[in-house]
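Quick notes on the structure that follows.
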Amino acid sequence: MKLSVPDYILSLKPYVAGKPLEELEREYGITDAVKLASNENPLGPSPLAINAIQQAVKDLHRYPNGGSYYLSERISNYFGIKKENIILGNGSDDIIAMLARVLLQRGDEAVLPRPSFLFYEIMIRSSGAIPVEVPLKDCLTDLSSMLERIGPKTRLIFLTNPHNPTGALIAKPAMDEFVREIPADLVLIIDEAYIEFVREPNCPRSIDYLDSGKIVVGLRTFSKAYGLAGLRIGYGLMPSFLADILNRIRQPFNVNSLAQAAAIAALDDEAFLQDTIELVSDEMNFIYTSLDDRGIEYLKSQANFLLIRVGKDANEVFENLLKQGVIVRSMTSYGYPDCIRVNVGLHDENVRMLEALDKVL
Ligand SMILES: *Cc1c(COP(=O)(O)O)cnc(C)c1O
């Protein structure tokens, strides 16, 4: 059948997510697989969030609070900003989709680093816009080249800090200068999905640029440090005039009621967040040392994952690790055909990953 679908939609390829644990276990007939592919929290969800979900279940026959009133209030207090600066989403992916929808039209351009989180490109192309990809330089975001690629058709710029998949940070002075230099009529998205894990003290935060006179959107998620990936909840911090525009196209109940309740509790659970950050930091150091001992190259990371150069075909290494019950991510589709990305797990999971790597390499 011939549907009238734009060619820029037909040419899209679906986003490929990390392989689910139960899928691997079913396919390979194993029971103790380890998933280190989607940068999830190895400690599970926050116990306070689990409790809040159990309380909220009895009201599931009601529609959620459409504006996420209490959660917005909680976040506004947390950052000392107005509720009008906050948009909640069904994951931060939802905010990215809304921004692309309202800001990009056919033929517009969006500037982003290459490689980047693959969903950015899908959303840019789905609006008929053109991704202008600026290669990383020595595995760092090349801000000066990105500035040079901004033209009359540019509407949107994507930065990820720390970057996915490298784990590298944009330094504060460099970010300050970039925000100063960009035109005032385009939108800079700073995706901070992993900002809670950053160990470098002088890290720029999108919130610092909310009143800069430039249109800066910070993206945050409960999927990583807060351990709520399955619930789908994230948010954007942005000038109120932009939030007002997004609210016009936002699905009325885009954030479900369990997610709202759990996110409030997760923000209250400072002990869980601290435990998560400490575990990731300690285990990241353990993985560094273990890779050093083996003479395997890797990139030091400010996030909860790292790139490892396996020196062989990454798709093959990925498949062979699967057979050992360890799920990682091949970086071939990101343009690093000899690298895998691995997130930090519990100590035993990291040991399993390293032992599996020993067998495979
Ligand atoms: C994981 C991740 C997200 C989070 O997406 P959610 O929709 O909030 O789960 C956003 N951006 C990047 C770069 C990520 O790696």
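Every chain in the structure tokens has a letter given in the order shown (A, B, ...), and although residue numbers restart at 1 in each chain, ligands are simply numbered from 1 in the order shown.
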List as a list of chain:residue names the protein and nucleic acid residues near Met123 (chain A), meaning an atom at most 9 Å away when only C-alpha atoms are counted, but skip any in the same chain fewer than 6 places from it.
A:Ile96, A:Ala97, A:Ala100, A:Arg101, A:Ala129
Could you write those residues out with C-alpha atoms, as a PDB file, in the first residue's frame?
ATOM      1  CA  ILE A  96      13.804  16.267  23.175  1.00  0.00           C
ATOM      2  CA  ALA A  97      10.897  15.236  20.937  1.00  0.00           C
ATOM      3  CA  ALA A 100      12.376  19.201  17.905  1.00  0.00           C
ATOM      4  CA  ARG A 101       8.670  19.404  17.098  1.00  0.00           C
ATOM      5  CA  ALA A 129      15.506  19.075   9.499  1.00  0.00           C
TER       6      ALA A 129
END
Find the residues of region 19-137 of chain A that sit at most 9 Å from region 227-239 of chain A; for each, write down the nearest two atoms and how far apart they are in Å, to one decimal. Count only C-alpha atoms. Sort by chain, then by number going up, and give it as a tab-separated table.
residue	atom	partner	partner_atom	distance
A:Glu40	CA	A:Gly227	CA	6.6
A:Asn41	CA	A:Gly227	CA	4.9
A:Pro42	CA	A:Gly227	CA	8.0
A:Leu43	CA	A:Gly227	CA	7.5
A:Gly44	CA	A:Gly227	CA	5.7
A:Pro45	CA	A:Gly227	CA	4.4
A:Ser46	CA	A:Gly227	CA	6.5
A:Ala49	CA	A:Leu228	CA	8.5
A:Glu84	CA	A:Pro239	CA	7.9
A:Asn85	CA	A:Met238	CA	5.1
A:Ile86	CA	A:Leu237	CA	4.9
A:Ile87	CA	A:Gly236	CA	5.2
A:Leu88	CA	A:Tyr235	CA	4.3
A:Gly89	CA	A:Gly234	CA	5.2
A:Asn90	CA	A:Ile233	CA	4.8
A:Gly91	CA	A:Ile233	CA	3.9
A:Ser92	CA	A:Gly234	CA	4.3
A:Asp93	CA	A:Gly234	CA	7.8
A:Asp94	CA	A:Gly234	CA	8.0
A:Ile95	CA	A:Gly236	CA	6.6
A:Ile96	CA	A:Gly236	CA	8.8
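Atom to atom, CA of Leu322 (chain A) and CA of Leu279 (chain A) stand 24.5 Å apart.
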DSSP on the backbone: which residues in region 72-299 of chain A end up as strand (DSSP E)? Give the answer as a PyMOL selection string.
chain A and resi 86-89+109-114+130-135+154-160+187-191+215-221+234-237+297-298
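Taking only C-alpha atoms and all ligand atoms into account, ligand 1 lies nearest to A:Phe222 out of the set A:Phe318, A:Tyr334, A:Phe222, A:Tyr288.
Residues surrounding Val344 (chain A) within 9 Å are Leu36, Asn39, Glu40, Asn41, Pro42, Leu279, Val280, Ser281, Glu283, Met284, Ile287, Asn304, Phe305, Leu306, His347, Glu349 and Asn350 of chain A [only C-alpha atoms; sequence separation below 3 positions excluded].
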Fewer than 6 positions away in the same chain doesn't count, so skip those; otherwise give me all residues within 12 Å of Gln54 (chain A), counting only C-alpha atoms, as a PyMOL selection string.
chain A and resi 47-48+60+257-259+261-262+265
The residue from A:Ala37, A:Val326, A:Val57, A:Leu267 with the smallest atom-to-atom distance to ligand 1, counting only C-alpha atoms and all ligand atoms, is A:Ala37
